[in-house]
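With PDB, C-alpha atoms inside, this is data.pdb:
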ATOM      1  CA  SER A   5     -86.987 -13.095 -41.580
ATOM      2  CA  ASN A   6     -88.425  -9.592 -41.885
ATOM      3  CA  SER A   7     -89.907  -8.205 -45.099
ATOM      4  CA  PHE A   8     -88.006  -4.934 -45.311
ATOM      5  CA  LYS A   9     -84.300  -4.084 -45.187
ATOM      6  CA  ARG A  10     -83.021  -0.869 -43.598
ATOM      7  CA  CYS A  11     -79.873   0.947 -44.651
ATOM      8  CA  GLU A  12     -77.812   0.423 -41.511
ATOM      9  CA  GLU A  13     -75.233  -2.334 -41.844
ATOM     10  CA  ASN A  14     -76.099  -5.323 -39.671
ATOM     11  CA  TYR A  15     -74.077  -6.231 -36.559
ATOM     12  CA  LEU A  16     -71.529  -3.509 -37.270
ATOM     13  CA  ILE A  17     -71.149  -2.290 -33.678
ATOM     14  CA  THR A  18     -71.858  -5.427 -31.649
ATOM     15  CA  PRO A  19     -72.862  -9.043 -32.400
ATOM     16  CA  LEU A  20     -75.703  -8.654 -29.898
ATOM     17  CA  ILE A  21     -77.681  -5.971 -31.790
ATOM     18  CA  ALA A  22     -78.408  -6.216 -35.517
ATOM     19  CA  GLU A  23     -78.926  -2.498 -36.218
ATOM     20  CA  PHE A  24     -77.284  -0.724 -33.322
ATOM     21  CA  TRP A  25     -78.167   2.907 -34.093
ATOM     22  CA  ASN A  26     -81.645   2.120 -35.386
ATOM     23  CA  ALA A  27     -82.297   0.130 -32.205
ATOM     24  CA  THR A  28     -80.834   2.478 -29.598
ATOM     25  CA  SER A  29     -82.370   5.596 -31.166
ATOM     26  CA  ASN A  30     -85.726   4.322 -29.935
ATOM     27  CA  LEU A  31     -84.708   5.948 -26.675
ATOM     28  CA  PHE A  32     -86.170   9.095 -28.256
ATOM     29  CA  TYR A  33     -89.641   7.560 -27.845
ATOM     30  CA  ILE A  34     -88.991   6.652 -24.223
ATOM     31  CA  VAL A  35     -87.644  10.124 -23.452
ATOM     32  CA  GLY A  36     -90.640  11.688 -25.234
ATOM     33  CA  THR A  37     -92.988   9.596 -23.117
ATOM     34  CA  LEU A  38     -91.240  10.556 -19.869
ATOM     35  CA  ILE A  39     -91.240  14.261 -20.744
ATOM     36  CA  GLY A  40     -94.885  13.985 -21.712
ATOM     37  CA  LEU A  41     -95.789  12.298 -18.435
ATOM     38  CA  TYR A  42     -93.980  15.012 -16.499
ATOM     39  CA  SER A  43     -95.719  17.712 -18.540
ATOM     40  CA  VAL A  44     -99.261  16.407 -18.093
ATOM     41  CA  ARG A  45     -98.742  15.662 -14.415
ATOM     42  CA  SER A  46     -97.509  19.224 -13.909
ATOM     43  CA  LEU A  47    -100.729  20.399 -15.591
ATOM     44  CA  GLY A  48    -102.848  18.240 -13.291
ATOM     45  CA  ILE A  49    -104.191  16.143 -16.168
ATOM     46  CA  THR A  50    -105.927  12.966 -15.034
ATOM     47  CA  GLU A  51    -107.719  11.821 -18.198
ATOM     48  CA  SER A  52    -106.865   8.268 -19.188
ATOM     49  CA  ARG A  53    -106.816   9.046 -22.931
ATOM     50  CA  THR A  54    -103.806  11.322 -22.437
ATOM     51  CA  TYR A  55    -101.864   8.692 -20.522
ATOM     52  CA  LEU A  56    -102.823   5.959 -22.988
ATOM     53  CA  SER A  57    -101.560   8.143 -25.840
ATOM     54  CA  LEU A  58     -98.249   8.731 -24.077
ATOM     55  CA  PHE A  59     -97.766   5.073 -23.168
ATOM     56  CA  SER A  60     -98.479   4.258 -26.820
ATOM     57  CA  ILE A  61     -95.380   6.265 -27.761
ATOM     58  CA  ALA A  62     -93.291   4.145 -25.386
ATOM     59  CA  LEU A  63     -94.852   0.933 -26.734
ATOM     60  CA  ILE A  64     -93.924   1.924 -30.285
ATOM     61  CA  GLY A  65     -90.357   2.605 -29.188
ATOM     62  CA  PHE A  66     -90.055  -0.684 -27.316
ATOM     63  CA  GLY A  67     -91.393  -2.703 -30.253
ATOM     64  CA  SER A  68     -89.122  -0.873 -32.668
ATOM     65  CA  PHE A  69     -86.112  -1.573 -30.457
ATOM     66  CA  LEU A  70     -86.905  -5.287 -30.428
ATOM     67  CA  PHE A  71     -87.170  -5.363 -34.205
ATOM     68  CA  HIS A  72     -84.026  -3.405 -35.038
ATOM     69  CA  ALA A  73     -82.080  -5.384 -32.463
ATOM     70  CA  SER A  74     -83.115  -8.774 -33.882
ATOM     71  CA  LEU A  75     -84.588  -8.313 -37.404
ATOM     72  CA  TRP A  76     -87.013 -11.179 -36.781
ATOM     73  CA  PHE A  77     -90.415 -11.294 -38.468
ATOM     74  CA  GLU A  78     -92.125 -11.546 -35.081
ATOM     75  CA  THR A  79     -90.432  -8.421 -33.788
ATOM     76  CA  GLN A  80     -91.153  -6.637 -37.067
ATOM     77  CA  MET A  81     -94.825  -7.082 -36.174
ATOM     78  CA  ALA A  82     -94.034  -5.780 -32.672
ATOM     79  CA  ASP A  83     -92.525  -2.719 -34.354
ATOM     80  CA  GLU A  84     -95.143  -1.948 -36.984
ATOM     81  CA  LEU A  85     -98.484  -3.026 -35.515
ATOM     82  CA  PRO A  86     -98.142  -0.821 -32.385
ATOM     83  CA  MET A  87     -97.854   2.113 -34.803
ATOM     84  CA  ILE A  88    -101.419   1.288 -35.879
ATOM     85  CA  TYR A  89    -102.684   0.664 -32.348
ATOM     86  CA  GLY A  90    -101.065   3.776 -30.882
ATOM     87  CA  SER A  91    -102.341   5.961 -33.715
ATOM     88  CA  CYS A  92    -105.866   4.634 -33.155
ATOM     89  CA  VAL A  93    -105.636   5.649 -29.499
ATOM     90  CA  MET A  94    -104.451   9.130 -30.508
ATOM     91  CA  VAL A  95    -107.175   9.518 -33.140
ATOM     92  CA  TYR A  96    -109.771   8.527 -30.536
ATOM     93  CA  ALA A  97    -108.427  11.150 -28.112
ATOM     94  CA  ASN A  98    -108.155  13.791 -30.826
ATOM     95  CA  LEU A  99    -111.691  13.418 -32.167
ATOM     96  CA  ARG A 100    -113.350  13.920 -28.797
ATOM     97  CA  VAL A 101    -111.597  16.986 -27.392
ATOM     98  CA  PHE A 102    -114.729  19.179 -27.141
ATOM     99  CA  PRO A 103    -117.938  18.358 -25.243
ATOM    100  CA  GLU A 104    -119.965  18.796 -28.426
ATOM    101  CA  THR A 105    -117.789  16.260 -30.280
ATOM    102  CA  ASN A 106    -117.394  13.950 -27.292
ATOM    103  CA  LYS A 107    -120.353  11.838 -28.370
ATOM    104  CA  ASN A 108    -120.848   8.360 -29.796
ATOM    105  CA  ASN A 109    -117.650   7.294 -28.069
ATOM    106  CA  THR A 110    -118.613   3.623 -28.169
ATOM    107  CA  LEU A 111    -119.164   3.764 -31.922
ATOM    108  CA  LEU A 112    -115.876   5.608 -32.488
ATOM    109  CA  GLY A 113    -113.978   3.213 -30.251
ATOM    110  CA  PHE A 114    -115.497   0.170 -31.926
ATOM    111  CA  GLY A 115    -114.745   1.570 -35.386
ATOM    112  CA  LEU A 116    -111.088   2.153 -34.533
ATOM    113  CA  PHE A 117    -110.834  -1.275 -32.889
ATOM    114  CA  LEU A 118    -112.292  -2.866 -36.016
ATOM    115  CA  TYR A 119    -109.858  -0.900 -38.187
ATOM    116  CA  ALA A 120    -106.868  -2.024 -36.104
ATOM    117  CA  ALA A 121    -108.039  -5.651 -36.058
ATOM    118  CA  THR A 122    -108.622  -5.685 -39.821
ATOM    119  CA  VAL A 123    -105.227  -4.127 -40.547
ATOM    120  CA  THR A 124    -103.579  -6.677 -38.252
ATOM    121  CA  ALA A 125    -105.226  -9.647 -39.944
ATOM    122  CA  MET A 126    -104.590  -8.357 -43.460
ATOM    123  CA  TYR A 127    -100.973  -7.434 -42.723
ATOM    124  CA  LEU A 128    -100.193 -10.825 -41.218
ATOM    125  CA  TYR A 129    -101.707 -12.410 -44.328
ATOM    126  CA  LEU A 130    -100.140 -10.104 -46.936
ATOM    127  CA  ASN A 131     -96.831  -9.362 -45.191
ATOM    128  CA  ASN A 132     -96.552  -6.296 -47.406
ATOM    129  CA  PRO A 133     -94.884  -3.188 -45.880
ATOM    130  CA  VAL A 134     -96.649  -0.905 -48.376
ATOM    131  CA  PHE A 135    -100.029  -2.067 -47.050
ATOM    132  CA  HIS A 136     -98.933  -1.161 -43.525
ATOM    133  CA  GLU A 137     -97.607   2.229 -44.647
ATOM    134  CA  VAL A 138    -100.894   3.112 -46.371
ATOM    135  CA  CYS A 139    -102.994   2.061 -43.358
ATOM    136  CA  TYR A 140    -100.754   3.984 -40.988
ATOM    137  CA  SER A 141    -100.818   7.035 -43.262
ATOM    138  CA  VAL A 142    -104.631   7.152 -43.068
ATOM    139  CA  LEU A 143    -104.449   7.560 -39.287
ATOM    140  CA  ALA A 144    -101.560  10.030 -39.471
ATOM    141  CA  LEU A 145    -103.501  12.116 -41.995
ATOM    142  CA  ILE A 146    -106.442  12.387 -39.597
ATOM    143  CA  LEU A 147    -104.075  13.640 -36.897
ATOM    144  CA  PHE A 148    -102.664  16.229 -39.321
ATOM    145  CA  ILE A 149    -106.010  17.474 -40.636
ATOM    146  CA  THR A 150    -108.157  17.733 -37.516
ATOM    147  CA  PRO A 151    -106.160  20.248 -35.380
ATOM    148  CA  PRO A 152    -106.585  23.221 -37.773
ATOM    149  CA  ILE A 153    -110.321  22.498 -37.861
ATOM    150  CA  GLN A 154    -110.352  22.448 -34.072
ATOM    151  CA  PHE A 155    -108.466  25.742 -33.858
ATOM    152  CA  ASN A 156    -111.139  27.397 -35.988
ATOM    153  CA  HIS A 157    -113.788  25.746 -33.820
ATOM    154  CA  ILE A 158    -112.298  27.458 -30.763
ATOM    155  CA  LYS A 159    -112.589  30.863 -32.440
ATOM    156  CA  ALA A 160    -116.223  30.203 -33.315
ATOM    157  CA  LYS A 161    -117.475  28.425 -30.178
ATOM    158  CA  TYR A 162    -114.996  29.469 -27.477
ATOM    159  CA  PRO A 163    -114.122  33.103 -28.291
ATOM    160  CA  GLN A 164    -112.914  33.666 -24.716
ATOM    161  CA  TYR A 165    -109.979  31.373 -25.561
ATOM    162  CA  LYS A 166    -109.177  32.660 -29.033
ATOM    163  CA  ASN A 167    -105.942  34.189 -27.698
ATOM    164  CA  ARG A 168    -104.747  30.612 -27.098
ATOM    165  CA  VAL A 169    -105.057  29.634 -30.761
ATOM    166  CA  LYS A 170    -101.701  31.142 -31.729
ATOM    167  CA  GLY A 171     -99.974  28.899 -29.202
ATOM    168  CA  PHE A 172    -101.840  25.875 -30.528
ATOM    169  CA  TRP A 173    -100.705  26.708 -34.053
ATOM    170  CA  THR A 174     -97.096  27.038 -32.887
ATOM    171  CA  LEU A 175     -97.171  23.614 -31.236
ATOM    172  CA  TYR A 176     -98.953  22.145 -34.267
ATOM    173  CA  TRP A 177     -96.336  23.415 -36.715
ATOM    174  CA  PHE A 178     -93.499  22.374 -34.421
ATOM    175  CA  GLY A 179     -94.840  18.832 -34.307
ATOM    176  CA  SER A 180     -95.743  18.704 -37.998
ATOM    177  CA  VAL A 181     -92.366  19.964 -39.207
ATOM    178  CA  SER A 182     -90.575  17.539 -36.867
ATOM    179  CA  TYR A 183     -92.630  14.617 -38.103
ATOM    180  CA  LEU A 184     -92.457  15.485 -41.804
ATOM    181  CA  SER A 185     -88.714  16.147 -41.579
ATOM    182  CA  GLY A 186     -88.262  12.686 -40.105
ATOM    183  CA  PHE A 187     -90.420  11.252 -42.883
ATOM    184  CA  MET A 188     -88.357  12.921 -45.614
ATOM    185  CA  ILE A 189     -85.110  11.686 -44.058
ATOM    186  CA  TRP A 190     -86.644   8.191 -43.883
ATOM    187  CA  GLY A 191     -87.354   8.466 -47.614
ATOM    188  CA  VAL A 192     -83.760   9.433 -48.376
ATOM    189  CA  ASP A 193     -82.504   6.521 -46.293
ATOM    190  CA  ASN A 194     -84.746   4.069 -48.158
ATOM    191  CA  ASN A 195     -84.218   5.342 -51.696
ATOM    192  CA  PHE A 196     -80.562   6.394 -51.678
ATOM    193  CA  CYS A 197     -79.108   3.777 -49.358
ATOM    194  CA  GLU A 198     -75.975   3.029 -51.384
ATOM    195  CA  ARG A 199     -75.037   6.719 -51.564
ATOM    196  CA  VAL A 200     -75.711   7.155 -47.863
ATOM    197  CA  ARG A 201     -73.530   4.144 -47.039
ATOM    198  CA  ALA A 202     -70.753   5.464 -49.269
ATOM    199  CA  ALA A 203     -70.921   8.848 -47.528
ATOM    200  CA  ARG A 204     -70.709   7.164 -44.133
ATOM    201  CA  GLU A 205     -67.667   5.192 -45.201
ATOM    202  CA  SER A 206     -65.895   8.307 -46.468
ATOM    203  CA  ILE A 207     -66.608  10.303 -43.311
ATOM    204  CA  GLY A 208     -65.796   7.634 -40.731
ATOM    205  CA  TYR A 209     -66.434   7.807 -36.984
ATOM    206  CA  PRO A 210     -67.760   9.684 -35.154
ATOM    207  CA  GLY A 211     -69.295  11.805 -37.927
ATOM    208  CA  ARG A 212     -70.808   8.854 -39.774
ATOM    209  CA  ILE A 213     -73.229   8.315 -36.898
ATOM    210  CA  LEU A 214     -75.087  11.441 -38.036
ATOM    211  CA  LEU A 215     -75.733   9.730 -41.381
ATOM    212  CA  GLU A 216     -77.568   6.822 -39.764
ATOM    213  CA  LEU A 217     -80.696   8.410 -41.186
ATOM    214  CA  HIS A 218     -83.301   6.013 -39.823
ATOM    215  CA  MET A 219     -82.240   7.265 -36.410
ATOM    216  CA  TRP A 220     -83.482  10.738 -37.384
ATOM    217  CA  TRP A 221     -86.827   9.260 -38.448
ATOM    218  CA  HIS A 222     -87.169   8.040 -34.871
ATOM    219  CA  PHE A 223     -86.194  11.444 -33.503
ATOM    220  CA  GLY A 224     -88.586  13.394 -35.753
ATOM    221  CA  THR A 225     -91.560  11.111 -35.199
ATOM    222  CA  ALA A 226     -91.004  10.941 -31.438
ATOM    223  CA  LEU A 227     -90.904  14.745 -31.247
ATOM    224  CA  GLY A 228     -93.883  15.176 -33.554
ATOM    225  CA  THR A 229     -96.006  12.607 -31.744
ATOM    226  CA  TYR A 230     -95.201  14.147 -28.362
ATOM    227  CA  ALA A 231     -96.302  17.563 -29.654
ATOM    228  CA  SER A 232     -99.520  16.091 -31.050
ATOM    229  CA  VAL A 233    -100.464  14.456 -27.737
ATOM    230  CA  ILE A 234     -99.756  17.632 -25.761
ATOM    231  CA  ASN A 235    -101.750  19.744 -28.223
ATOM    232  CA  THR A 236    -104.716  17.376 -27.945
ATOM    233  CA  THR A 237    -104.471  17.521 -24.152
ATOM    234  CA  LEU A 238    -104.454  21.334 -24.090
ATOM    235  CA  LEU A 239    -107.342  21.501 -26.568
ATOM    236  CA  ALA A 240    -109.378  19.188 -24.349
ATOM    237  CA  ALA A 241    -108.688  21.479 -21.377
ATOM    238  CA  VAL A 242    -110.077  24.437 -23.327
ATOM    239  CA  GLY A 243    -113.149  22.352 -24.153
ATOM    240  CA  VAL A 244    -113.996  22.017 -20.445
ATOM    241  CA  GLY A 245    -113.131  25.617 -19.612
ATOM    242  CA  GLU A 246    -109.751  25.068 -17.998
ATOM    243  CA  GLU A 247    -106.786  27.403 -18.528
ATOM    244  CA  ARG A 248    -103.746  25.187 -18.873
ATOM    245  CA  CYS A 249    -100.463  25.899 -20.579
ATOM    246  CA  LEU A 250     -96.904  24.592 -20.530
ATOM    247  CA  CYS A 251     -95.470  27.832 -19.145
TER     248      CYS A 251
END
Just dump the structure as structure tokens.
Amino acid sequence: SNSFKRCEENYLITPLIAEFWNATSNLFYIVGTLIGLYSVRSLGITESRTYLSLFSIALIGFGSFLFHASLWFETQMADELPMIYGSCVMVYANLRVFPETNKNNTLLGFGLFLYAATVTAMYLYLNNPVFHEVCYSVLALILFITPPIQFNHIKAKYPQYKNRVKGFWTLYWFGSVSYLSGFMIWGVDNNFCERVRAARESIGYPGRILLELHMWWHFGTALGTYASVINTTLLAAVGVGEERCLC
């Protein structure tokens, strides 16, 4: 059995899916991936790191669907470990957006691989969700901190593109607010589950669906991760002197 219980009642909608809304809301990740693929193809992006980052979003969604549909320990690992792997891919892409920072790629790649492998081994041994959350938060924090530094780097090293920085900030805040909103809703779902369930019961269908709060964690993180990948892609284009925008 898995090591963490969500707030959605099990097998309420169908005997085939344990947590129906938590499972099906992973479509947000698939939709985010498809929109991202369309966006980068329309920009003429060919770099593998962009496509790996986008496919990581889909992998996270697929693993999460398997877990919420079954609630098995094995599928819990398929849900949570891809969050580490996908974030490592995105950190790798994010830290090498400019030619002057696109160095020591082998060392960076090996370091992130070692981090992911160590987290995997320790998590399988400890089976402690808090350990996973801390390790994931380290990677997420890097993805939150580095963009503002990169925006200032553009002003200093690429002044011809400083007019683009406002757009980067807009996309950054859009993604950050989406992600953090999903995180806060996730916290409410975890810490006030009985009150949330009582509110759902009093409202009834179809309104109670909106109080399946873990679903909104999926929506917020899918939106935020999509924005992060696109921002990294556009920053990398600036680094090689290309004018690209989602216009």
**Picked residues, the PyMOL selection byres ((chain A and resi 146) around 12), expected as a count of residues only** = 23
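Pairwise distance (atom CA of A:Leu227, atom CA of A:Gln80) equals 22.2 Å.
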**Asked** What separation in Å, quoted to one decimal, exists between atom CA of A:His72 and atom CA of A:Ala231?
**Response**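 Interatomic distance, atom CA of A:His72 to atom CA of A:Ala231: 24.9 Å.
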**Message:** For a quick check of understanding, using all atoms listed in the file, which of A:Ala202, A:Ile61, A:Leu217, A:Val123 has the smallest distance to A:Ser185?
**Reply:** A:Leu217
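The residue that comes closest to A:Gln164, out of A:Phe24, A:Thr79, A:Leu47, A:Gly243 and on the basis of all atoms listed in the file, is A:Gly243.
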**Request:** For the structure provided, state which residues fall under the PyMOL selection byres ((chain A and resi 36) around 12), and present them as a ChimeraX atom specification.
**Result:** /A:29-35,37-43,57-65,222-234
**Request:** For atom CA of A:Thr124 and atom CA of A:Met81, quote the distance in Å rounded to one decimal.
**Result:**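 Pair atom CA of A:Thr124 / atom CA of A:Met81 returns 9.0 Å.
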**Request:** Name the residues that the PyMOL selection byres ((chain A and resi 70) around 10) pulls out of this structure, and write them as a PyMOL selection string.
**Result:** chain A and resi 21-22+27-28+30+65-69+71-76+78-83
For A:Ile213, list every protein, DNA or RNA residue within 8 Å, evaluated using all atoms listed in the file, and leave out those in the same chain fewer than 4 positions away; present the list as an mmCIF file with C-alpha atoms, in the frame of the given file.
data_model
loop_
_atom_site.group_PDB
_atom_site.id
_atom_site.type_symbol
_atom_site.label_atom_id
_atom_site.label_comp_id
_atom_site.auth_asym_id
_atom_site.auth_seq_id
_atom_site.Cartn_x
_atom_site.Cartn_y
_atom_site.Cartn_z
ATOM 1 C CA TRP A 25 -78.167 2.907 -34.093
ATOM 2 C CA ARG A 204 -70.709 7.164 -44.133
ATOM 3 C CA TYR A 209 -66.434 7.807 -36.984
#
